[in-house]
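A.B. asks: First the structure, which I've put down as structure tokens, then a few questions once you've had a look.
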Amino acid sequence: MEFELDVHTHTIASGHAYGTITEMAQAASQKGLKILGITEHAHNMPGTCDDLYFVNLRVVPRQMYGVKLMLGAELNIMDYEGTIDLPDRILEKLDIRIASIHGNLYPIGTAAQNTAAVINAMKNPKIDIIGHPDDSNCPLDYEQLVQASKEYHTLLEINNNSLRSPSRKNVKENIITILKLCKKYEVPVILDSDAHYMTDVANTDHSMPVILEAGFPKELILNYSAEQFEAYIAKNRAREKM
């Protein structure tokens with residue numbers, strides 16, 4: 001595995017995933033990863049963990065099987081103002097923070113409204129990544145989104161699971177649009193498996209062919225360097241304190 005990290009995965013704590021932290025770390029080690037991000041769904045997602053789960057993540061070792069664990073949350077964008085569903089007092093304790101639109105929780109609006117929602121979430125300095133911004137069921141203005149990614153230092157995710165989900169619309173076409181714009185504006189991206197089971201950790205079986213088709217440059221993909229990714233997150237933490 002040439003990639004050194006996969007930072008969007010879920011365990012049984014999310015309610016609809018099936019591995020433990022230990023099992024996910026073992027899988028990451030077997031695939032040669034240096035960093036594994038485990039990002040459970042925040043409390044508005046049906047069946048997921050309580051806020052106390054995130055508060056108590058301090059008890060979990062951050063190194064397992066030679067892999068650095070980054071433990072955090074996949075937050076739900078709840079409205080056009082970009083409201084997310086964990087308070088700052090919890091967010092500041094997390095290693096990584098992803099914000100995503102989920103159609104069962106967010107009131108899908110116009111492309112302008114949806115784009116405003118995502119960009120407003122990006123403006124929150126505690127957000128590191130926008131998860132799976134690729135579904136035409138929730139239309140977005142990708143030119144604005146990529147420019148905001150650069151301005152607010154928030155990564156756009158290329159999500160492997162999205163590409164194989166029959167419920168999502170025009171995912172490949174939207175990802176290619178994102179990649180072309182990111183190449184144009186020299187904006188980095190992150191590839192994530194969104195694994196809900198151990199064998200799916202670091203899986204890029206659907207996303208990598210799209211990367212190759214788009215001719216997207218390797219140097220703009222942060223998965224190839226744990227050091228580069230950690231520097232990106234460190235810059236976000238410094239921005240957070242400003």
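Chain labels run A, B, ... following the order of the structure tokens; each chain numbers its residues from 1, and ligands are numbered from 1 in the order shown.
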I'd like the neighbourhood of range 187-192 of chain A as a PDB file with N, CA and C atoms, in the first residue's frame, where a residue qualifies if any of its atoms comes within 10 Å (using only C-alpha atoms), though same-chain residues fewer than 4 positions away should be ignored.

C.D. replies:
ATOM      1  N   PHE A   3      -0.295   4.346  -0.022  1.00  0.00           N
ATOM      2  CA  PHE A   3      -0.904   5.344   0.852  1.00  0.00           C
ATOM      3  C   PHE A   3      -0.428   5.149   2.286  1.00  0.00           C
ATOM      4  N   LEU A   5      -2.162   6.817   4.894  1.00  0.00           N
ATOM      5  CA  LEU A   5      -3.240   7.132   5.831  1.00  0.00           C
ATOM      6  C   LEU A   5      -4.612   6.996   5.191  1.00  0.00           C
ATOM      7  N   ASP A   6      -5.559   6.698   6.072  1.00  0.00           N
ATOM      8  CA  ASP A   6      -6.991   6.678   5.754  1.00  0.00           C
ATOM      9  C   ASP A   6      -7.661   7.260   6.991  1.00  0.00           C
ATOM     10  N   VAL A   7      -8.330   8.406   6.855  1.00  0.00           N
ATOM     11  CA  VAL A   7      -8.761   9.110   8.070  1.00  0.00           C
ATOM     12  C   VAL A   7     -10.276   9.245   8.219  1.00  0.00           C
ATOM     13  N   HIS A   8     -11.037   8.526   7.411  1.00  0.00           N
ATOM     14  CA  HIS A   8     -12.493   8.508   7.586  1.00  0.00           C
ATOM     15  C   HIS A   8     -12.955   7.051   7.624  1.00  0.00           C
ATOM     16  N   THR A   9     -13.118   6.531   8.852  1.00  0.00           N
ATOM     17  CA  THR A   9     -13.613   5.173   9.056  1.00  0.00           C
ATOM     18  C   THR A   9     -14.532   5.152  10.270  1.00  0.00           C
ATOM     19  N   GLY A  37      -7.573   7.248  10.838  1.00  0.00           N
ATOM     20  CA  GLY A  37      -8.576   8.104  11.467  1.00  0.00           C
ATOM     21  C   GLY A  37      -9.855   7.322  11.688  1.00  0.00           C
ATOM     22  N   ILE A 129     -12.131  18.539   7.360  1.00  0.00           N
ATOM     23  CA  ILE A 129     -12.471  17.869   6.104  1.00  0.00           C
ATOM     24  C   ILE A 129     -13.973  18.000   5.861  1.00  0.00           C
ATOM     25  N   ILE A 130     -14.356  18.175   4.607  1.00  0.00           N
ATOM     26  CA  ILE A 130     -15.757  18.056   4.202  1.00  0.00           C
ATOM     27  C   ILE A 130     -15.946  16.675   3.589  1.00  0.00           C
ATOM     28  N   GLY A 131     -16.793  15.879   4.228  1.00  0.00           N
ATOM     29  CA  GLY A 131     -17.003  14.503   3.792  1.00  0.00           C
ATOM     30  C   GLY A 131     -17.933  14.395   2.596  1.00  0.00           C
ATOM     31  N   HIS A 132     -17.589  13.533   1.687  1.00  0.00           N
ATOM     32  CA  HIS A 132     -18.352  13.155   0.477  1.00  0.00           C
ATOM     33  C   HIS A 132     -19.234  14.275  -0.112  1.00  0.00           C
ATOM     34  N   VAL A 146     -14.421  24.613  -4.077  1.00  0.00           N
ATOM     35  CA  VAL A 146     -12.968  24.434  -4.172  1.00  0.00           C
ATOM     36  C   VAL A 146     -12.240  25.718  -3.764  1.00  0.00           C
ATOM     37  N   GLN A 147     -12.759  26.845  -4.169  1.00  0.00           N
ATOM     38  CA  GLN A 147     -12.141  28.106  -3.757  1.00  0.00           C
ATOM     39  C   GLN A 147     -12.219  28.279  -2.240  1.00  0.00           C
ATOM     40  N   ALA A 148     -13.343  27.868  -1.641  1.00  0.00           N
ATOM     41  CA  ALA A 148     -13.481  27.945  -0.184  1.00  0.00           C
ATOM     42  C   ALA A 148     -12.546  26.956   0.505  1.00  0.00           C
ATOM     43  N   SER A 149     -12.337  25.794  -0.103  1.00  0.00           N
ATOM     44  CA  SER A 149     -11.400  24.814   0.442  1.00  0.00           C
ATOM     45  C   SER A 149     -10.010  25.427   0.591  1.00  0.00           C
ATOM     46  N   LYS A 150      -9.623  26.170  -0.407  1.00  0.00           N
ATOM     47  CA  LYS A 150      -8.314  26.825  -0.368  1.00  0.00           C
ATOM     48  C   LYS A 150      -8.302  27.960   0.647  1.00  0.00           C
ATOM     49  N   GLU A 151      -9.348  28.775   0.653  1.00  0.00           N
ATOM     50  CA  GLU A 151      -9.393  29.938   1.537  1.00  0.00           C
ATOM     51  C   GLU A 151      -9.434  29.548   3.007  1.00  0.00           C
ATOM     52  N   HIS A 153      -8.758  26.480   4.307  1.00  0.00           N
ATOM     53  CA  HIS A 153      -7.843  25.387   4.656  1.00  0.00           C
ATOM     54  C   HIS A 153      -8.629  24.179   5.187  1.00  0.00           C
ATOM     55  N   THR A 154      -9.618  23.773   4.389  1.00  0.00           N
ATOM     56  CA  THR A 154     -10.475  22.636   4.732  1.00  0.00           C
ATOM     57  C   THR A 154     -10.479  21.673   3.551  1.00  0.00           C
ATOM     58  N   LEU A 155     -10.079  20.444   3.780  1.00  0.00           N
ATOM     59  CA  LEU A 155      -9.938  19.481   2.696  1.00  0.00           C
ATOM     60  C   LEU A 155     -11.288  18.997   2.170  1.00  0.00           C
ATOM     61  N   LEU A 156     -11.361  18.806   0.867  1.00  0.00           N
ATOM     62  CA  LEU A 156     -12.497  18.117   0.259  1.00  0.00           C
ATOM     63  C   LEU A 156     -12.134  16.646   0.110  1.00  0.00           C
ATOM     64  N   GLU A 157     -13.084  15.804   0.453  1.00  0.00           N
ATOM     65  CA  GLU A 157     -12.844  14.362   0.473  1.00  0.00           C
ATOM     66  C   GLU A 157     -13.304  13.697  -0.818  1.00  0.00           C
ATOM     67  N   ILE A 158     -12.478  12.791  -1.310  1.00  0.00           N
ATOM     68  CA  ILE A 158     -12.855  11.874  -2.388  1.00  0.00           C
ATOM     69  C   ILE A 158     -13.159  10.545  -1.699  1.00  0.00           C
ATOM     70  N   ASN A 159     -14.432  10.197  -1.674  1.00  0.00           N
ATOM     71  CA  ASN A 159     -14.927   9.119  -0.825  1.00  0.00           C
ATOM     72  C   ASN A 159     -15.176   7.856  -1.652  1.00  0.00           C
ATOM     73  N   ASN A 160     -14.462   6.790  -1.315  1.00  0.00           N
ATOM     74  CA  ASN A 160     -14.589   5.543  -2.066  1.00  0.00           C
ATOM     75  C   ASN A 160     -15.997   4.965  -1.980  1.00  0.00           C
ATOM     76  N   ASN A 161     -16.598   5.022  -0.805  1.00  0.00           N
ATOM     77  CA  ASN A 161     -17.943   4.471  -0.637  1.00  0.00           C
ATOM     78  C   ASN A 161     -18.974   5.171  -1.494  1.00  0.00           C
ATOM     79  N   ILE A 178     -14.696  18.150  -9.246  1.00  0.00           N
ATOM     80  CA  ILE A 178     -13.924  18.597  -8.075  1.00  0.00           C
ATOM     81  C   ILE A 178     -12.427  18.492  -8.355  1.00  0.00           C
ATOM     82  N   LEU A 179     -12.006  17.361  -8.905  1.00  0.00           N
ATOM     83  CA  LEU A 179     -10.584  17.136  -9.153  1.00  0.00           C
ATOM     84  C   LEU A 179     -10.023  18.121 -10.185  1.00  0.00           C
ATOM     85  N   LEU A 181     -11.084  21.120 -10.792  1.00  0.00           N
ATOM     86  CA  LEU A 181     -11.003  22.436 -10.156  1.00  0.00           C
ATOM     87  C   LEU A 181      -9.865  22.488  -9.137  1.00  0.00           C
ATOM     88  N   CYS A 182      -9.685  21.410  -8.390  1.00  0.00           N
ATOM     89  CA  CYS A 182      -8.590  21.367  -7.422  1.00  0.00           C
ATOM     90  C   CYS A 182      -7.240  21.414  -8.127  1.00  0.00           C
ATOM     91  N   LYS A 183      -7.148  20.767  -9.270  1.00  0.00           N
ATOM     92  CA  LYS A 183      -5.913  20.828 -10.065  1.00  0.00           C
ATOM     93  C   LYS A 183      -5.694  22.254 -10.567  1.00  0.00           C
ATOM     94  N   VAL A 201     -10.768  -0.913   5.142  1.00  0.00           N
ATOM     95  CA  VAL A 201      -9.807   0.126   5.497  1.00  0.00           C
ATOM     96  C   VAL A 201      -8.828   0.341   4.333  1.00  0.00           C
ATOM     97  N   ALA A 202      -8.612   1.607   3.979  1.00  0.00           N
ATOM     98  CA  ALA A 202      -7.684   2.009   2.916  1.00  0.00           C
ATOM     99  C   ALA A 202      -8.115   1.530   1.527  1.00  0.00           C
ATOM    100  N   ASN A 203      -9.374   1.179   1.369  1.00  0.00           N
ATOM    101  CA  ASN A 203      -9.856   0.705   0.075  1.00  0.00           C
ATOM    102  C   ASN A 203     -10.051   1.891  -0.887  1.00  0.00           C
ATOM    103  N   THR A 204      -9.409   1.821  -2.036  1.00  0.00           N
ATOM    104  CA  THR A 204      -9.566   2.851  -3.073  1.00  0.00           C
ATOM    105  C   THR A 204      -9.939   2.217  -4.415  1.00  0.00           C
ATOM    106  N   SER A 207     -12.227   4.822  -6.069  1.00  0.00           N
ATOM    107  CA  SER A 207     -11.746   6.203  -6.160  1.00  0.00           C
ATOM    108  C   SER A 207     -10.466   6.345  -6.977  1.00  0.00           C
ATOM    109  N   MET A 208      -9.545   5.398  -6.853  1.00  0.00           N
ATOM    110  CA  MET A 208      -8.283   5.544  -7.566  1.00  0.00           C
ATOM    111  C   MET A 208      -8.451   5.529  -9.090  1.00  0.00           C
ATOM    112  N   ILE A 211      -9.319   9.011  -9.996  1.00  0.00           N
ATOM    113  CA  ILE A 211      -8.141   9.871  -9.881  1.00  0.00           C
ATOM    114  C   ILE A 211      -7.283   9.749 -11.142  1.00  0.00           C
ATOM    115  N   PRO A 217      -2.825  15.168 -10.074  1.00  0.00           N
ATOM    116  CA  PRO A 217      -1.419  15.014  -9.656  1.00  0.00           C
ATOM    117  C   PRO A 217      -1.263  14.421  -8.264  1.00  0.00           C
ATOM    118  N   LYS A 218      -0.329  13.516  -8.155  1.00  0.00           N
ATOM    119  CA  LYS A 218      -0.048  12.823  -6.897  1.00  0.00           C
ATOM    120  C   LYS A 218       0.305  13.799  -5.782  1.00  0.00           C
ATOM    121  N   GLU A 219       0.983  14.883  -6.115  1.00  0.00           N
ATOM    122  CA  GLU A 219       1.445  15.816  -5.092  1.00  0.00           C
ATOM    123  C   GLU A 219       0.303  16.566  -4.412  1.00  0.00           C
ATOM    124  N   LEU A 220      -0.909  16.506  -4.974  1.00  0.00           N
ATOM    125  CA  LEU A 220      -2.065  17.151  -4.349  1.00  0.00           C
ATOM    126  C   LEU A 220      -2.943  16.158  -3.583  1.00  0.00           C
ATOM    127  N   ILE A 221      -2.449  14.932  -3.428  1.00  0.00           N
ATOM    128  CA  ILE A 221      -3.172  13.912  -2.661  1.00  0.00           C
ATOM    129  C   ILE A 221      -2.428  13.686  -1.351  1.00  0.00           C
ATOM    130  N   LEU A 222      -3.035  14.059  -0.239  1.00  0.00           N
ATOM    131  CA  LEU A 222      -2.321  14.049   1.036  1.00  0.00           C
ATOM    132  C   LEU A 222      -2.109  12.648   1.600  1.00  0.00           C
ATOM    133  N   ASN A 223      -2.774  11.647   1.054  1.00  0.00           N
ATOM    134  CA  ASN A 223      -2.644  10.281   1.579  1.00  0.00           C
ATOM    135  C   ASN A 223      -1.252   9.687   1.418  1.00  0.00           C
ATOM    136  N   TYR A 224      -0.457  10.246   0.520  1.00  0.00           N
ATOM    137  CA  TYR A 224       0.859   9.680   0.262  1.00  0.00           C
ATOM    138  C   TYR A 224       1.885  10.040   1.331  1.00  0.00           C
ATOM    139  N   PHE A 229       0.239  15.321   5.850  1.00  0.00           N
ATOM    140  CA  PHE A 229      -1.106  15.403   6.407  1.00  0.00           C
ATOM    141  C   PHE A 229      -1.076  15.984   7.820  1.00  0.00           C
TER     142      PHE A 229
END

A.B. asks: Going by DSSP on the backbone, which bits of range 23-230 of chain A are strand (DSSP E)? Write them as a PDB file with N, CA and C atoms, in the first residue's frame, please.

C.D. replies:
ATOM      1  N   ILE A  35      -1.183   6.167   9.619  1.00  0.00           N
ATOM      2  CA  ILE A  35      -2.238   6.870  10.355  1.00  0.00           C
ATOM      3  C   ILE A  35      -3.588   6.274   9.991  1.00  0.00           C
ATOM      4  N   LEU A  36      -4.401   6.026  11.008  1.00  0.00           N
ATOM      5  CA  LEU A  36      -5.792   5.634  10.811  1.00  0.00           C
ATOM      6  C   LEU A  36      -6.678   6.630  11.551  1.00  0.00           C
ATOM      7  N   GLY A  37      -7.573   7.248  10.838  1.00  0.00           N
ATOM      8  CA  GLY A  37      -8.576   8.104  11.467  1.00  0.00           C
ATOM      9  C   GLY A  37      -9.855   7.322  11.688  1.00  0.00           C
ATOM     10  N   ILE A  38     -10.370   7.380  12.900  1.00  0.00           N
ATOM     11  CA  ILE A  38     -11.666   6.772  13.219  1.00  0.00           C
ATOM     12  C   ILE A  38     -12.592   7.910  13.613  1.00  0.00           C
ATOM     13  N   THR A  39     -13.647   8.073  12.846  1.00  0.00           N
ATOM     14  CA  THR A  39     -14.509   9.253  12.965  1.00  0.00           C
ATOM     15  C   THR A  39     -15.961   8.806  13.090  1.00  0.00           C
ATOM     16  N   GLU A  40     -16.391   8.584  14.317  1.00  0.00           N
ATOM     17  CA  GLU A  40     -17.762   8.113  14.532  1.00  0.00           C
ATOM     18  C   GLU A  40     -18.769   9.221  14.208  1.00  0.00           C
ATOM     19  N   HIS A  41     -19.952   8.785  13.813  1.00  0.00           N
ATOM     20  CA  HIS A  41     -21.017   9.744  13.543  1.00  0.00           C
ATOM     21  C   HIS A  41     -21.414  10.477  14.823  1.00  0.00           C
ATOM     22  N   GLN A  63      -1.548   4.908  19.742  1.00  0.00           N
ATOM     23  CA  GLN A  63      -0.693   4.056  18.931  1.00  0.00           C
ATOM     24  C   GLN A  63      -1.120   2.612  19.136  1.00  0.00           C
ATOM     25  N   MET A  64      -1.411   1.911  18.046  1.00  0.00           N
ATOM     26  CA  MET A  64      -1.730   0.488  18.098  1.00  0.00           C
ATOM     27  C   MET A  64      -1.117  -0.201  16.888  1.00  0.00           C
ATOM     28  N   VAL A  67       0.523   1.790  14.269  1.00  0.00           N
ATOM     29  CA  VAL A  67      -0.302   2.764  13.562  1.00  0.00           C
ATOM     30  C   VAL A  67      -0.694   3.888  14.525  1.00  0.00           C
ATOM     31  N   LYS A  68      -0.562   5.130  14.069  1.00  0.00           N
ATOM     32  CA  LYS A  68      -1.054   6.260  14.857  1.00  0.00           C
ATOM     33  C   LYS A  68      -2.552   6.378  14.664  1.00  0.00           C
ATOM     34  N   LEU A  69      -3.302   6.425  15.755  1.00  0.00           N
ATOM     35  CA  LEU A  69      -4.745   6.615  15.686  1.00  0.00           C
ATOM     36  C   LEU A  69      -5.081   8.084  15.849  1.00  0.00           C
ATOM     37  N   MET A  70      -5.929   8.577  14.962  1.00  0.00           N
ATOM     38  CA  MET A  70      -6.515   9.906  15.106  1.00  0.00           C
ATOM     39  C   MET A  70      -8.009   9.690  15.302  1.00  0.00           C
ATOM     40  N   LEU A  71      -8.481   9.992  16.498  1.00  0.00           N
ATOM     41  CA  LEU A  71      -9.865   9.686  16.870  1.00  0.00           C
ATOM     42  C   LEU A  71     -10.690  10.966  16.855  1.00  0.00           C
ATOM     43  N   GLY A  72     -11.826  10.898  16.190  1.00  0.00           N
ATOM     44  CA  GLY A  72     -12.633  12.100  16.057  1.00  0.00           C
ATOM     45  C   GLY A  72     -14.070  11.799  15.711  1.00  0.00           C
ATOM     46  N   ALA A  73     -14.658  12.671  14.898  1.00  0.00           N
ATOM     47  CA  ALA A  73     -16.087  12.566  14.597  1.00  0.00           C
ATOM     48  C   ALA A  73     -16.364  12.937  13.147  1.00  0.00           C
ATOM     49  N   GLU A  74     -17.388  12.305  12.599  1.00  0.00           N
ATOM     50  CA  GLU A  74     -18.015  12.789  11.375  1.00  0.00           C
ATOM     51  C   GLU A  74     -19.266  13.535  11.806  1.00  0.00           C
ATOM     52  N   LEU A  75     -19.184  14.840  11.726  1.00  0.00           N
ATOM     53  CA  LEU A  75     -20.257  15.715  12.184  1.00  0.00           C
ATOM     54  C   LEU A  75     -21.294  15.881  11.091  1.00  0.00           C
ATOM     55  N   ASN A  76     -22.515  16.127  11.502  1.00  0.00           N
ATOM     56  CA  ASN A  76     -23.602  16.355  10.565  1.00  0.00           C
ATOM     57  C   ASN A  76     -23.813  17.849  10.371  1.00  0.00           C
ATOM     58  N   ILE A  96      -9.461  14.709  14.917  1.00  0.00           N
ATOM     59  CA  ILE A  96      -9.844  15.002  13.534  1.00  0.00           C
ATOM     60  C   ILE A  96     -11.345  15.239  13.479  1.00  0.00           C
ATOM     61  N   ARG A  97     -11.751  16.186  12.612  1.00  0.00           N
ATOM     62  CA  ARG A  97     -13.161  16.566  12.533  1.00  0.00           C
ATOM     63  C   ARG A  97     -13.583  16.644  11.064  1.00  0.00           C
ATOM     64  N   ILE A  98     -14.533  15.822  10.698  1.00  0.00           N
ATOM     65  CA  ILE A  98     -15.106  15.804   9.357  1.00  0.00           C
ATOM     66  C   ILE A  98     -16.538  16.323   9.460  1.00  0.00           C
ATOM     67  N   ALA A  99     -16.946  17.172   8.533  1.00  0.00           N
ATOM     68  CA  ALA A  99     -18.335  17.641   8.486  1.00  0.00           C
ATOM     69  C   ALA A  99     -18.960  17.192   7.172  1.00  0.00           C
ATOM     70  N   SER A 100     -20.137  16.586   7.256  1.00  0.00           N
ATOM     71  CA  SER A 100     -20.790  16.024   6.071  1.00  0.00           C
ATOM     72  C   SER A 100     -22.271  16.348   6.057  1.00  0.00           C
ATOM     73  N   ILE A 129     -12.131  18.539   7.360  1.00  0.00           N
ATOM     74  CA  ILE A 129     -12.471  17.869   6.104  1.00  0.00           C
ATOM     75  C   ILE A 129     -13.973  18.000   5.861  1.00  0.00           C
ATOM     76  N   ILE A 130     -14.356  18.175   4.607  1.00  0.00           N
ATOM     77  CA  ILE A 130     -15.757  18.056   4.202  1.00  0.00           C
ATOM     78  C   ILE A 130     -15.946  16.675   3.589  1.00  0.00           C
ATOM     79  N   GLY A 131     -16.793  15.879   4.228  1.00  0.00           N
ATOM     80  CA  GLY A 131     -17.003  14.503   3.792  1.00  0.00           C
ATOM     81  C   GLY A 131     -17.933  14.395   2.596  1.00  0.00           C
ATOM     82  N   LEU A 155     -10.079  20.444   3.780  1.00  0.00           N
ATOM     83  CA  LEU A 155      -9.938  19.481   2.696  1.00  0.00           C
ATOM     84  C   LEU A 155     -11.288  18.997   2.170  1.00  0.00           C
ATOM     85  N   LEU A 156     -11.361  18.806   0.867  1.00  0.00           N
ATOM     86  CA  LEU A 156     -12.497  18.117   0.259  1.00  0.00           C
ATOM     87  C   LEU A 156     -12.134  16.646   0.110  1.00  0.00           C
ATOM     88  N   GLU A 157     -13.084  15.804   0.453  1.00  0.00           N
ATOM     89  CA  GLU A 157     -12.844  14.362   0.473  1.00  0.00           C
ATOM     90  C   GLU A 157     -13.304  13.697  -0.818  1.00  0.00           C
ATOM     91  N   ILE A 158     -12.478  12.791  -1.310  1.00  0.00           N
ATOM     92  CA  ILE A 158     -12.855  11.874  -2.388  1.00  0.00           C
ATOM     93  C   ILE A 158     -13.159  10.545  -1.699  1.00  0.00           C
ATOM     94  N   ASN A 159     -14.432  10.197  -1.674  1.00  0.00           N
ATOM     95  CA  ASN A 159     -14.927   9.119  -0.825  1.00  0.00           C
ATOM     96  C   ASN A 159     -15.176   7.856  -1.652  1.00  0.00           C
ATOM     97  N   VAL A 189      -6.446  17.362  -1.915  1.00  0.00           N
ATOM     98  CA  VAL A 189      -7.619  16.578  -1.526  1.00  0.00           C
ATOM     99  C   VAL A 189      -7.168  15.431  -0.630  1.00  0.00           C
ATOM    100  N   ILE A 190      -8.151  14.773  -0.036  1.00  0.00           N
ATOM    101  CA  ILE A 190      -7.897  13.580   0.776  1.00  0.00           C
ATOM    102  C   ILE A 190      -8.777  12.453   0.251  1.00  0.00           C
ATOM    103  N   LEU A 191      -8.202  11.288   0.046  1.00  0.00           N
ATOM    104  CA  LEU A 191      -8.961  10.104  -0.337  1.00  0.00           C
ATOM    105  C   LEU A 191      -9.247   9.286   0.917  1.00  0.00           C
ATOM    106  N   ASP A 192     -10.510   8.928   1.109  1.00  0.00           N
ATOM    107  CA  ASP A 192     -10.900   8.153   2.283  1.00  0.00           C
ATOM    108  C   ASP A 192     -11.764   6.970   1.883  1.00  0.00           C
TER     109      ASP A 192
END

A.B. asks: Set out as a tab-separated table a contact list for range 126-147 of chain A and range 239-242 of chain A with a cut-off of 12 Å, giving each residue of range 126-147 of chain A that qualifies its closest atom pair and distance in Å to one decimal, counting only C-alpha atoms, ordered by chain and rising residue number.

C.D. replies:
residue	atom	partner	partner_atom	distance
A:Lys126	CA	A:Glu240	CA	6.1
A:Ile127	CA	A:Glu240	CA	9.2
A:Asp128	CA	A:Glu240	CA	10.5

A.B. asks: Which residue, A:Ile176, A:Gln113, A:Val55, A:Met24, has the smallest gap to Arg89 in chain A when you use only C-alpha atoms?

C.D. replies: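 Among the listed residues, A:Val55 lies closest to Arg89 in chain A.
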
A.B. asks: Which polymer residues have any atom within 10 Å of an atom of Tyr106 in chain A, counting only C-alpha atoms, with same-chain residues fewer than 5 positions away left out, as a PDB file with N, CA and C atoms, in the first residue's frame?

C.D. replies:
ATOM      1  N   ASN A  76     -22.515  16.127  11.502  1.00  0.00           N
ATOM      2  CA  ASN A  76     -23.602  16.355  10.565  1.00  0.00           C
ATOM      3  C   ASN A  76     -23.813  17.849  10.371  1.00  0.00           C
ATOM      4  N   ILE A  77     -23.796  18.289   9.113  1.00  0.00           N
ATOM      5  CA  ILE A  77     -24.192  19.659   8.791  1.00  0.00           C
ATOM      6  C   ILE A  77     -25.709  19.689   8.821  1.00  0.00           C
ATOM      7  N   MET A  78     -26.263  20.551   9.671  1.00  0.00           N
ATOM      8  CA  MET A  78     -27.689  20.467   9.989  1.00  0.00           C
ATOM      9  C   MET A  78     -28.559  21.488   9.252  1.00  0.00           C
ATOM     10  N   ASP A  79     -27.965  22.581   8.770  1.00  0.00           N
ATOM     11  CA  ASP A  79     -28.783  23.648   8.182  1.00  0.00           C
ATOM     12  C   ASP A  79     -27.928  24.498   7.255  1.00  0.00           C
ATOM     13  N   TYR A  80     -28.551  25.513   6.652  1.00  0.00           N
ATOM     14  CA  TYR A  80     -27.867  26.346   5.670  1.00  0.00           C
ATOM     15  C   TYR A  80     -26.817  27.254   6.318  1.00  0.00           C
ATOM     16  N   SER A 100     -20.137  16.586   7.256  1.00  0.00           N
ATOM     17  CA  SER A 100     -20.790  16.024   6.071  1.00  0.00           C
ATOM     18  C   SER A 100     -22.271  16.348   6.057  1.00  0.00           C
ATOM     19  N   ILE A 101     -22.815  16.418   4.860  1.00  0.00           N
ATOM     20  CA  ILE A 101     -24.269  16.473   4.691  1.00  0.00           C
ATOM     21  C   ILE A 101     -24.783  15.052   4.539  1.00  0.00           C
ATOM     22  N   ASN A 114     -27.307  24.887  -0.435  1.00  0.00           N
ATOM     23  CA  ASN A 114     -26.441  23.778  -0.018  1.00  0.00           C
ATOM     24  C   ASN A 114     -24.970  24.195  -0.004  1.00  0.00           C
ATOM     25  N   ALA A 117     -24.309  26.210   3.020  1.00  0.00           N
ATOM     26  CA  ALA A 117     -24.235  25.359   4.211  1.00  0.00           C
ATOM     27  C   ALA A 117     -22.844  24.769   4.373  1.00  0.00           C
ATOM     28  N   CYS A 138     -27.961  16.367  -3.586  1.00  0.00           N
ATOM     29  CA  CYS A 138     -27.744  17.603  -2.837  1.00  0.00           C
ATOM     30  C   CYS A 138     -26.791  18.461  -3.680  1.00  0.00           C
TER      31      CYS A 138
END

A.B. asks: Quick one: DSSP alpha helix (DSSP H) residues in range 14-223 of chain A, as a ChimeraX atom specification?

C.D. replies: /A:21-30,51-55,88-91,111-122,142-152,160-163,171-185,207-214
